[in-house]
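Content type TSV, C-alpha atoms, from the file work13.tsv:
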```
chain	number	residue	atom	x	y	z
E	1106	MET	CA	-121.34	8.74	-93.74
E	1107	VAL	CA	-123.55	7.71	-96.64
E	1108	SER	CA	-122.89	4.15	-97.77
E	1109	LYS	CA	-124.69	1.64	-100.01
E	1110	THR	CA	-124.29	-1.10	-97.41
E	1111	LYS	CA	-126.12	0.54	-94.51
E	1112	TYR	CA	-129.48	-1.09	-93.78
E	1113	LEU	CA	-131.54	1.71	-92.24
E	1114	LEU	CA	-134.55	0.88	-90.09
E	1115	GLY	CA	-137.68	2.66	-88.91
E	1116	ASP	CA	-138.39	3.32	-85.22
E	1117	GLY	CA	-141.20	0.75	-85.17
E	1118	THR	CA	-138.90	-2.04	-86.34
E	1119	ILE	CA	-136.24	-1.07	-83.82
E	1120	LYS	CA	-138.79	-1.21	-81.01
E	1121	GLU	CA	-139.81	-4.70	-82.13
E	1122	MET	CA	-136.18	-5.78	-82.06
E	1123	PHE	CA	-135.70	-4.49	-78.54
E	1124	LYS	CA	-138.94	-6.12	-77.42
E	1125	LYS	CA	-137.60	-9.44	-78.73
E	1126	ALA	CA	-134.47	-8.82	-76.66
E	1127	GLY	CA	-136.62	-8.21	-73.56
E	1128	ILE	CA	-135.96	-4.46	-73.43
E	1129	GLU	CA	-138.91	-2.05	-73.47
E	1130	GLY	CA	-139.59	1.54	-72.54
E	1131	ILE	CA	-137.59	3.11	-75.38
E	1132	THR	CA	-137.64	6.91	-75.16
E	1133	GLN	CA	-135.17	7.90	-77.85
E	1134	ILE	CA	-133.66	6.49	-81.05
E	1135	ALA	CA	-130.83	8.26	-82.86
E	1136	PRO	CA	-128.19	7.37	-85.50
E	1137	LEU	CA	-124.74	6.90	-83.99
E	1138	GLY	CA	-121.13	7.03	-85.12
E	1139	ALA	CA	-119.17	7.63	-88.27
E	1140	GLY	CA	-119.19	4.04	-89.50
E	1141	GLU	CA	-119.58	3.24	-93.19
E	1142	PHE	CA	-120.65	-0.40	-93.28
E	1143	ASN	CA	-123.22	-1.23	-90.59
E	1144	ALA	CA	-126.16	0.91	-89.50
E	1145	VAL	CA	-125.66	1.91	-85.85
E	1146	TYR	CA	-128.16	3.48	-83.46
E	1147	GLU	CA	-128.06	4.83	-79.92
E	1148	ILE	CA	-131.16	3.70	-78.06
E	1149	THR	CA	-132.30	5.14	-74.75
E	1150	ALA	CA	-134.50	2.97	-72.49
E	1151	ASP	CA	-133.65	2.08	-68.89
E	1152	LYS	CA	-130.12	3.05	-69.96
E	1153	LYS	CA	-128.31	3.76	-73.20
E	1154	TYR	CA	-127.72	0.93	-75.64
E	1155	VAL	CA	-126.11	0.55	-79.05
E	1156	LEU	CA	-127.91	-1.35	-81.81
E	1157	LYS	CA	-125.76	-2.56	-84.70
E	1158	VAL	CA	-127.41	-3.77	-87.89
E	1159	ALA	CA	-125.48	-5.54	-90.64
E	1160	PRO	CA	-126.22	-4.92	-94.33
E	1161	ASN	CA	-129.33	-6.54	-95.78
E	1162	LYS	CA	-128.43	-10.13	-96.68
E	1163	ASN	CA	-129.18	-9.30	-100.34
E	1164	THR	CA	-126.76	-6.35	-100.43
E	1165	PRO	CA	-123.46	-7.14	-102.20
E	1166	VAL	CA	-120.48	-7.04	-99.83
E	1167	MET	CA	-116.86	-8.05	-100.16
E	1168	THR	CA	-115.86	-11.63	-99.33
E	1169	TYR	CA	-114.25	-10.84	-96.01
E	1170	GLU	CA	-117.29	-8.79	-94.96
E	1171	LYS	CA	-119.73	-11.71	-95.19
E	1172	ASP	CA	-121.09	-12.64	-91.74
E	1173	MET	CA	-118.74	-10.03	-90.28
E	1174	MET	CA	-121.18	-9.03	-87.55
E	1175	GLN	CA	-121.00	-12.52	-86.09
E	1176	THR	CA	-117.24	-12.16	-86.23
E	1177	GLU	CA	-117.41	-8.91	-84.27
E	1178	VAL	CA	-119.07	-10.69	-81.34
E	1179	TYR	CA	-116.40	-13.39	-81.57
E	1180	TRP	CA	-113.58	-10.84	-81.31
E	1181	TYR	CA	-115.23	-8.98	-78.43
E	1182	ASP	CA	-115.21	-12.29	-76.55
E	1183	ILE	CA	-111.56	-12.92	-77.45
E	1184	ILE	CA	-110.44	-9.47	-76.27
E	1185	ARG	CA	-112.52	-9.57	-73.10
E	1186	SER	CA	-111.26	-13.02	-72.16
E	1187	ASN	CA	-107.57	-12.44	-72.83
E	1188	THR	CA	-106.78	-8.78	-72.06
E	1189	ASP	CA	-107.74	-5.97	-69.71
E	1190	ILE	CA	-108.87	-3.81	-72.65
E	1191	LYS	CA	-112.38	-2.52	-72.06
E	1192	VAL	CA	-114.83	-3.50	-74.82
E	1193	PRO	CA	-118.64	-3.28	-74.80
E	1194	GLU	CA	-120.72	-5.97	-73.19
E	1195	VAL	CA	-122.95	-7.68	-75.76
E	1196	TYR	CA	-126.48	-8.06	-74.36
E	1197	TYR	CA	-128.36	-9.74	-77.19
E	1198	THR	CA	-127.60	-11.21	-80.62
E	1199	ASP	CA	-129.90	-12.31	-83.45
E	1200	PHE	CA	-128.26	-13.90	-86.47
E	1201	SER	CA	-131.41	-15.74	-87.60
E	1202	LYS	CA	-132.47	-13.10	-90.16
E	1203	THR	CA	-136.11	-13.69	-89.21
E	1204	LEU	CA	-137.29	-10.41	-87.71
E	1205	ILE	CA	-135.28	-8.49	-90.29
E	1206	VAL	CA	-133.24	-9.80	-93.24
E	1207	SER	CA	-129.99	-9.00	-91.49
E	1208	ASP	CA	-127.80	-9.88	-88.51
E	1209	TRP	CA	-128.02	-7.55	-85.53
E	1210	PHE	CA	-127.03	-7.23	-81.92
E	1211	ILE	CA	-127.47	-4.95	-78.92
E	1212	MET	CA	-124.50	-3.93	-76.83
E	1213	GLU	CA	-123.37	-1.62	-74.06
E	1214	LYS	CA	-123.01	2.09	-74.88
E	1215	LEU	CA	-119.51	3.09	-73.81
E	1216	GLU	CA	-119.26	6.57	-72.34
E	1217	GLY	CA	-116.58	8.90	-73.62
E	1218	LYS	CA	-115.26	10.58	-76.74
E	1219	GLN	CA	-113.28	9.47	-79.77
E	1220	ARG	CA	-109.55	9.38	-79.14
E	1221	ASN	CA	-108.96	12.45	-81.32
E	1222	GLU	CA	-111.60	14.46	-79.42
E	1223	ILE	CA	-110.14	14.20	-75.93
E	1224	LYS	CA	-107.41	16.45	-74.52
E	1225	ILE	CA	-104.42	14.19	-73.95
E	1226	ASP	CA	-100.76	14.35	-74.90
E	1227	LYS	CA	-100.10	12.74	-78.30
E	1228	THR	CA	-97.14	10.84	-76.89
E	1229	GLU	CA	-99.44	9.28	-74.28
E	1230	ILE	CA	-101.87	8.28	-77.04
E	1231	GLU	CA	-99.04	6.66	-79.00
E	1232	LYS	CA	-97.74	4.79	-75.94
E	1233	LYS	CA	-101.13	3.63	-74.70
E	1234	THR	CA	-102.30	2.43	-78.11
E	1235	ALA	CA	-99.06	0.58	-78.89
E	1236	GLN	CA	-99.13	-1.23	-75.56
E	1237	MET	CA	-102.78	-2.22	-76.00
E	1238	VAL	CA	-101.84	-3.63	-79.41
E	1239	ALA	CA	-99.07	-5.62	-77.71
E	1240	GLN	CA	-101.76	-7.13	-75.45
E	1241	ILE	CA	-103.84	-8.50	-78.33
E	1242	HIS	CA	-100.69	-9.79	-80.03
E	1243	LYS	CA	-100.15	-12.07	-77.04
E	1244	ILE	CA	-103.32	-13.88	-78.15
E	1245	LYS	CA	-102.03	-16.67	-80.39
E	1246	ASN	CA	-103.57	-19.08	-82.85
E	1247	SER	CA	-102.30	-22.00	-84.91
E	1248	GLU	CA	-104.07	-20.93	-88.12
E	1249	PHE	CA	-104.12	-17.69	-90.12
E	1250	GLY	CA	-106.80	-15.66	-91.88
E	1251	TYR	CA	-110.34	-14.36	-91.44
E	1252	VAL	CA	-112.46	-16.61	-89.22
E	1253	GLN	CA	-115.51	-15.77	-91.37
E	1254	ASN	CA	-113.79	-17.08	-94.51
E	1255	GLN	CA	-111.13	-19.76	-94.25
E	1256	LEU	CA	-108.09	-20.36	-92.04
E	1257	TYR	CA	-104.70	-21.52	-93.31
E	1258	ASP	CA	-101.58	-23.16	-91.93
E	1259	ASN	CA	-99.30	-20.19	-92.65
E	1260	TRP	CA	-99.41	-16.46	-93.34
E	1261	TYR	CA	-98.35	-16.79	-96.96
E	1262	ASP	CA	-101.40	-18.88	-97.85
E	1263	ALA	CA	-103.73	-16.66	-95.81
E	1264	LEU	CA	-102.47	-13.40	-97.30
E	1265	LYS	CA	-102.57	-14.86	-100.80
E	1266	SER	CA	-106.20	-15.82	-100.21
E	1267	MET	CA	-107.06	-12.33	-98.90
E	1268	VAL	CA	-105.58	-10.68	-101.98
E	1269	ASN	CA	-107.18	-13.18	-104.38
E	1270	ASN	CA	-110.60	-12.69	-102.75
E	1271	LEU	CA	-110.34	-8.92	-103.14
E	1272	LEU	CA	-109.44	-9.32	-106.81
E	1273	LEU	CA	-112.46	-11.60	-107.25
E	1274	ASP	CA	-114.61	-9.01	-105.46
E	1275	ALA	CA	-113.48	-6.41	-107.99
E	1276	GLN	CA	-114.35	-8.79	-110.85
E	1277	LYS	CA	-117.87	-9.19	-109.45
E	1278	MET	CA	-118.26	-5.44	-110.03
E	1279	ASP	CA	-116.80	-5.80	-113.54
E	1280	LYS	CA	-113.60	-4.08	-112.41
E	1281	LYS	CA	-109.93	-5.00	-112.38
E	1282	SER	CA	-107.10	-3.90	-110.13
E	1283	LYS	CA	-103.71	-3.98	-111.83
E	1284	ASN	CA	-102.13	-2.82	-108.59
E	1285	GLY	CA	-103.85	-5.67	-106.76
E	1286	GLU	CA	-102.46	-8.13	-109.31
E	1287	ARG	CA	-99.02	-6.61	-108.76
E	1288	LEU	CA	-99.41	-7.04	-105.01
E	1289	LEU	CA	-100.24	-10.72	-105.57
E	1290	ARG	CA	-97.01	-11.16	-107.52
E	1291	TYR	CA	-95.09	-9.70	-104.59
E	1292	VAL	CA	-96.79	-12.18	-102.26
E	1293	GLU	CA	-95.23	-14.91	-104.40
E	1294	LYS	CA	-91.86	-13.16	-104.49
E	1295	TYR	CA	-91.64	-12.99	-100.70
E	1296	LYS	CA	-93.22	-16.37	-100.00
E	1297	SER	CA	-90.27	-17.56	-97.91
E	1298	ILE	CA	-90.56	-14.59	-95.53
E	1299	LEU	CA	-94.33	-14.77	-95.24
E	1300	LYS	CA	-94.28	-18.49	-94.46
E	1301	THR	CA	-92.25	-17.93	-91.27
E	1302	VAL	CA	-94.48	-15.26	-89.69
E	1303	PRO	CA	-95.90	-16.12	-86.23
E	1304	CYS	CA	-99.68	-15.97	-85.75
E	1305	CYS	CA	-101.57	-13.67	-83.40
E	1306	MET	CA	-104.74	-11.58	-83.25
E	1307	VAL	CA	-104.54	-8.55	-85.56
E	1308	ASN	CA	-107.08	-5.70	-85.29
E	1309	TYR	CA	-105.98	-3.69	-88.37
E	1310	ASP	CA	-108.62	-1.02	-87.67
E	1311	ILE	CA	-107.45	0.94	-84.61
E	1312	TRP	CA	-108.31	4.38	-85.98
E	1313	ASP	CA	-109.64	7.27	-83.84
E	1314	PRO	CA	-113.38	6.46	-84.20
E	1315	ASN	CA	-112.78	2.95	-82.83
E	1316	VAL	CA	-111.04	4.09	-79.63
E	1317	ILE	CA	-113.41	5.65	-77.08
E	1318	CYS	CA	-111.70	7.57	-74.26
E	1319	ARG	CA	-113.05	8.58	-70.87
E	1320	TYR	CA	-111.68	9.77	-67.53
E	1321	ASN	CA	-111.90	7.13	-64.79
E	1322	GLU	CA	-112.25	7.64	-61.03
E	1323	LYS	CA	-108.50	8.33	-60.78
E	1324	ASN	CA	-108.85	11.09	-63.37
E	1325	GLU	CA	-106.79	9.00	-65.78
E	1326	VAL	CA	-107.77	8.57	-69.41
E	1327	GLU	CA	-109.08	5.08	-70.08
E	1328	PHE	CA	-108.97	3.76	-73.63
E	1329	GLN	CA	-111.86	1.52	-74.73
E	1330	TRP	CA	-112.13	-0.35	-78.01
E	1331	ILE	CA	-115.08	-0.86	-80.33
E	1332	ASP	CA	-115.65	-2.38	-83.79
E	1333	PRO	CA	-113.05	-5.19	-83.96
E	1334	GLU	CA	-114.93	-6.99	-86.73
E	1335	ARG	CA	-112.13	-6.49	-89.28
E	1336	SER	CA	-109.70	-8.43	-87.10
E	1337	PHE	CA	-107.99	-11.58	-88.34
E	1338	TRP	CA	-105.40	-14.13	-87.28
E	1339	GLY	CA	-102.15	-13.08	-88.88
E	1340	ASP	CA	-99.00	-10.97	-88.80
E	1341	GLY	CA	-98.93	-8.54	-85.86
E	1342	ILE	CA	-96.79	-6.12	-87.89
E	1343	PHE	CA	-99.98	-5.21	-89.78
E	1344	ASP	CA	-101.33	-3.33	-86.74
E	1345	PHE	CA	-98.48	-0.83	-86.93
E	1346	ILE	CA	-100.29	0.78	-89.85
E	1347	CYS	CA	-102.60	2.33	-87.22
E	1348	LEU	CA	-99.81	3.36	-84.82
E	1349	GLY	CA	-97.64	6.46	-84.47
E	1350	ASN	CA	-96.80	8.21	-87.72
E	1351	LEU	CA	-99.81	7.18	-89.79
E	1352	ILE	CA	-98.21	8.06	-93.11
E	1353	GLY	CA	-94.80	6.57	-92.39
E	1354	LEU	CA	-93.02	3.32	-93.05
E	1355	LEU	CA	-92.24	1.02	-90.13
E	1356	GLU	CA	-88.87	2.70	-89.54
E	1357	ASP	CA	-90.73	6.02	-89.13
E	1358	LYS	CA	-92.64	4.57	-86.16
E	1359	LYS	CA	-89.74	4.13	-83.74
E	1360	GLY	CA	-91.70	5.55	-80.81
E	1361	SER	CA	-94.54	3.08	-81.26
E	1362	VAL	CA	-92.08	0.22	-81.72
E	1363	ARG	CA	-90.28	1.19	-78.49
E	1364	TYR	CA	-93.50	1.43	-76.44
E	1365	TYR	CA	-94.75	-1.82	-77.95
E	1366	ASN	CA	-91.53	-3.65	-77.15
E	1367	GLU	CA	-91.70	-2.57	-73.49
E	1368	VAL	CA	-94.57	-5.01	-72.91
E	1369	SER	CA	-94.58	-7.31	-75.95
E	1370	ASP	CA	-93.82	-11.02	-75.69
E	1371	ILE	CA	-92.22	-10.92	-79.16
E	1372	PRO	CA	-90.38	-7.57	-79.58
E	1373	VAL	CA	-90.30	-6.03	-83.06
E	1374	GLU	CA	-86.88	-5.62	-84.63
E	1375	LEU	CA	-86.47	-3.05	-87.38
E	1376	SER	CA	-85.01	-5.05	-90.23
E	1377	ARG	CA	-85.37	-5.74	-93.94
E	1378	GLU	CA	-87.77	-8.57	-93.17
E	1379	THR	CA	-90.10	-6.55	-90.93
E	1380	SER	CA	-90.06	-3.66	-93.43
E	1381	ILE	CA	-91.22	-6.08	-96.14
E	1382	ARG	CA	-93.92	-7.51	-93.89
E	1383	PHE	CA	-95.12	-3.98	-93.08
E	1384	ALA	CA	-95.18	-3.12	-96.78
E	1385	PHE	CA	-97.77	-5.86	-97.22
E	1386	ALA	CA	-99.85	-4.21	-94.48
E	1387	MET	CA	-99.93	-1.05	-96.61
E	1388	GLY	CA	-100.51	-3.01	-99.79
E	1389	LEU	CA	-103.48	-4.90	-98.40
E	1390	MET	CA	-104.98	-1.67	-97.02
E	1391	ALA	CA	-104.57	-0.10	-100.46
E	1392	LEU	CA	-106.32	-3.00	-102.18
E	1393	ILE	CA	-109.18	-2.99	-99.65
E	1394	GLN	CA	-109.75	0.74	-100.26
E	1395	ASP	CA	-109.36	0.22	-104.00
E	1396	VAL	CA	-112.12	-2.41	-104.20
E	1397	GLU	CA	-114.28	-1.18	-101.33
E	1398	LYS	CA	-115.36	1.97	-103.14
E	1399	TYR	CA	-117.32	-0.05	-105.72
E	1400	TYR	CA	-119.39	-1.69	-102.97
E	1401	ARG	CA	-120.09	1.36	-100.83
E	1402	TYR	CA	-120.02	4.55	-102.84
E	1403	SER	CA	-120.52	6.21	-106.18
E	1404	PRO	CA	-118.32	8.96	-107.67
E	1405	ARG	CA	-120.59	11.60	-106.13
E	1406	HIS	CA	-119.69	10.49	-102.59
E	1407	PHE	CA	-116.73	11.77	-100.57
E	1408	GLY	CA	-115.82	8.19	-99.64
E	1409	TRP	CA	-115.17	7.31	-103.29
E	1410	TRP	CA	-112.50	9.97	-103.71
E	1411	ARG	CA	-111.05	9.46	-100.23
E	1412	ASN	CA	-110.55	5.77	-101.06
E	1413	ILE	CA	-108.90	6.62	-104.37
E	1414	ALA	CA	-106.44	8.95	-102.63
E	1415	GLY	CA	-105.82	6.50	-99.79
E	1416	SER	CA	-105.21	3.50	-102.02
E	1417	LYS	CA	-102.89	5.48	-104.29
E	1418	PHE	CA	-100.84	6.57	-101.28
E	1419	TYR	CA	-100.58	3.10	-99.72
E	1420	TYR	CA	-99.79	1.40	-103.03
E	1421	ALA	CA	-96.92	3.83	-103.65
E	1422	LYS	CA	-95.49	3.27	-100.16
E	1423	ALA	CA	-95.85	-0.51	-100.33
E	1424	PHE	CA	-94.43	-0.95	-103.83
E	1425	GLY	CA	-91.51	1.36	-103.05
E	1426	VAL	CA	-90.39	-1.18	-100.43
E	1427	LEU	CA	-91.42	-4.40	-102.17
E	1428	LYS	CA	-89.76	-3.45	-105.46
E	1429	ASN	CA	-86.39	-2.89	-103.82
E	1430	GLY	CA	-86.65	-5.39	-100.98
```

Mind converting the file's structure to structure tokens?
Amino acid sequence: MVSKTKYLLGDGTIKEMFKKAGIEGITQIAPLGAGEFNAVYEITADKKYVLKVAPNKNTPVMTYEKDMMQTEVYWYDIIRSNTDIKVPEVYYTDFSKTLIVSDWFIMEKLEGKQRNEIKIDKTEIEKKTAQMVAQIHKIKNSEFGYVQNQLYDNWYDALKSMVNNLLLDAQKMDKKSKNGERLLRYVEKYKSILKTVPCCMVNYDIWDPNVICRYNEKNEVEFQWIDPERSFWGDGIFDFICLGNLIGLLEDKKGSVRYYNEVSDIPVELSRETSIRFAFAMGLMALIQDVEKYYRYSPRHFGWWRNIAGSKFYYAKAFGVLKNG
């Protein structure tokens, strides 16, 4: 999709980058994926590779997106070291901004199709995804937040910082978000609940394009993950926004909760408290979409109107719970 943040490169520059990485003999270069932030290419040489290129360092991005490519490599290492979830091998990184004015890296090209493009029972998708999420939630940390920004001692302070940063990002574009300001007031209202949340890895971006499926030698569908750069240390309930009934509240995701609890070290209980925590997952997603459109699109782009519709939906769902909680 068209996006203001994508830093597109010519074939000659890409060949120089691969030469620096010690890879020559490129025979094909093609754009890859449906991403809307980084530029991504499929490169064919001795085998297929993926080249990811962050936005030009002079391109405005939101606070949590700064140095996010370096964070992606960090999270690949975390997942690979602590779970059996297949993620791409990273072959080469360059965060020096010398060859080009951007971070970039070369990684393994995973074979397969997006989760929504493979023939598999929807119940199996729900079960498999929920139990993979339970795996990453077993990865704990003592501090909360985005590793590329600042970490905090509790989830209340981290979430407050996330919301404040997004409001500041809107101001940098000479915009305001009254709904974002309302969300911040709810963070204060539910401070006592947020302060008690345990800390784990949260992906928060497990949509179809980020799950690559393939049949293994046993003719079973293997799920592989890509693009974990939007992960943070925080409340595991936030990942349920990507599970099961994608338009439902937490209580509408009973199947995902059940599959998750079968393997989780901290089972989810459907309660007033977890409903409130999940409402913040929807509220933060709404605010991200609300502000993001100013950095990536203009009103003539599909993404602009999709973000408006998405943020309106998530705000309504979140505030419906938080108002009456």

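The shortest atom-to-atom distance to Tyr1251 of chain E, with only C-alpha atoms taken into account, belongs to E:Leu1264 out of E:Ile1225, E:Ala1239, E:Ala1126, E:Leu1264.
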
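Atom pair atom CA of Glu1194 of chain E / atom CA of Met1212 of chain E: separated by 5.6 Å.
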
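Atom CA of Arg1290 of chain E to atom CA of Leu1427 of chain E spans 10.3 Å [interatomic distance, one decimal].
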
Contact check, segment 1231-1259 of chain E to segment 1363-1379 of chain E, at most 9 Å, counting all atoms listed in the file, closest pairs as a tab-separated table:
```
residue	atom	partner	partner_atom	distance
E:Glu1231	CA	E:Tyr1364	CA	8.0
E:Lys1232	CA	E:Tyr1364	CA	5.4
E:Lys1233	CA	E:Tyr1364	CA	8.1
E:Thr1234	CA	E:Tyr1365	CA	8.7
E:Ala1235	CA	E:Tyr1365	CA	5.0
E:Gln1236	CA	E:Tyr1365	CA	5.0
E:Met1237	CA	E:Tyr1365	CA	8.3
E:Val1238	CA	E:Tyr1365	CA	7.5
E:Ala1239	CA	E:Ser1369	CA	5.1
E:Gln1240	CA	E:Ser1369	CA	7.2
E:His1242	CA	E:Ser1369	CA	7.8
E:Lys1243	CA	E:Asp1370	CA	6.6
```

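Nearest residue to Lys1109 of chain E, choosing from E:Leu1355, E:Val1326, E:Val1268, E:Ala1144 and counting all atoms listed in the file: E:Ala1144.
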
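The shortest atom-to-atom distance to Asp1189 of chain E, with all atoms listed in the file taken into account, belongs to E:Ile1241 out of E:Ile1241, E:Pro1303, E:Glu1147, E:Leu1273.
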
Original post:
In Å to one decimal, how far is atom CA of Lys1281 of chain E from atom CA of Leu1392 of chain E?
Top reply: 11.0 Å

Subject >> Near-Cys1347 of chain E list (12 Å; all atoms listed in the file; drop same-chain fewer than 3 positions) as an MDAnalysis selection string >> reply: chainID E and resid 1230:1231 1234:1235 1238 1307:1316 1341:1344 1350:1355 1358 1361 1383 1386:1387 1390

Once you add 8 Å to each side, what are the centre and edge lengths of the axis-aligned box holding all listed atoms of segment 1196-1212 of chain E? One decimal in Å, as AutoDock Vina command-line options, if you can.
```
--center_x -130.9 --center_y -9.8 --center_z -83.8 --size_x 28.8 --size_y 27.8 --size_z 34.9
```

Subject >> Pick from E:Ile1128, E:Ala1135, E:Met1173, E:Ile1413 nearest to Lys1152 of chain E, counting only C-alpha atoms >> reply: E:Ile1128

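Between Asn1429 of chain E and the residues E:Tyr1295, E:Phe1210, E:Tyr1112, E:Tyr1146, the shortest atom-to-atom distance, using only C-alpha atoms, involves E:Tyr1295.
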
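Distance check against Ala1391 of chain E using all atoms listed in the file: of E:Ser1336, E:Gly1285, E:Lys1265, E:Val1362, the minimum falls on E:Gly1285.
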
**OP:** Extract, using all atoms listed in the file, all DNA, RNA and protein residues at most 9 Å from Gln1133 of chain E, discarding same-chain residues fewer than 4 positions from it, and format them as a PyMOL selection string.
**Re:** chain E and resi 1147-1150

**OP:** Please write as a list of chain:residue names the list of polymer residues whose atoms come within 7 Å of (-124.8, -1.8, -75.2), counting all atoms listed in the file and keeping to the coordinates of the file.
**Re:** E:Lys1153, E:Tyr1154, E:Val1155, E:Pro1193, E:Glu1194, E:Val1195, E:Tyr1196, E:Ile1211, E:Met1212, E:Glu1213, E:Lys1214

Selection above as a file: C-alpha atoms, as a short mmCIF file (atom, residue, chain, number, x, y, z; two decimals), in the coordinates of the input:
```cif
data_model
loop_
_atom_site.label_atom_id
_atom_site.label_comp_id
_atom_site.auth_asym_id
_atom_site.auth_seq_id
_atom_site.Cartn_x
_atom_site.Cartn_y
_atom_site.Cartn_z
CA LYS E 1153 -128.31 3.76 -73.20
CA TYR E 1154 -127.72 0.93 -75.64
CA VAL E 1155 -126.11 0.55 -79.05
CA PRO E 1193 -118.64 -3.28 -74.80
CA GLU E 1194 -120.72 -5.97 -73.19
CA VAL E 1195 -122.95 -7.68 -75.76
CA TYR E 1196 -126.48 -8.06 -74.36
CA ILE E 1211 -127.47 -4.95 -78.92
CA MET E 1212 -124.50 -3.93 -76.83
CA GLU E 1213 -123.37 -1.62 -74.06
CA LYS E 1214 -123.01 2.09 -74.88
#
```
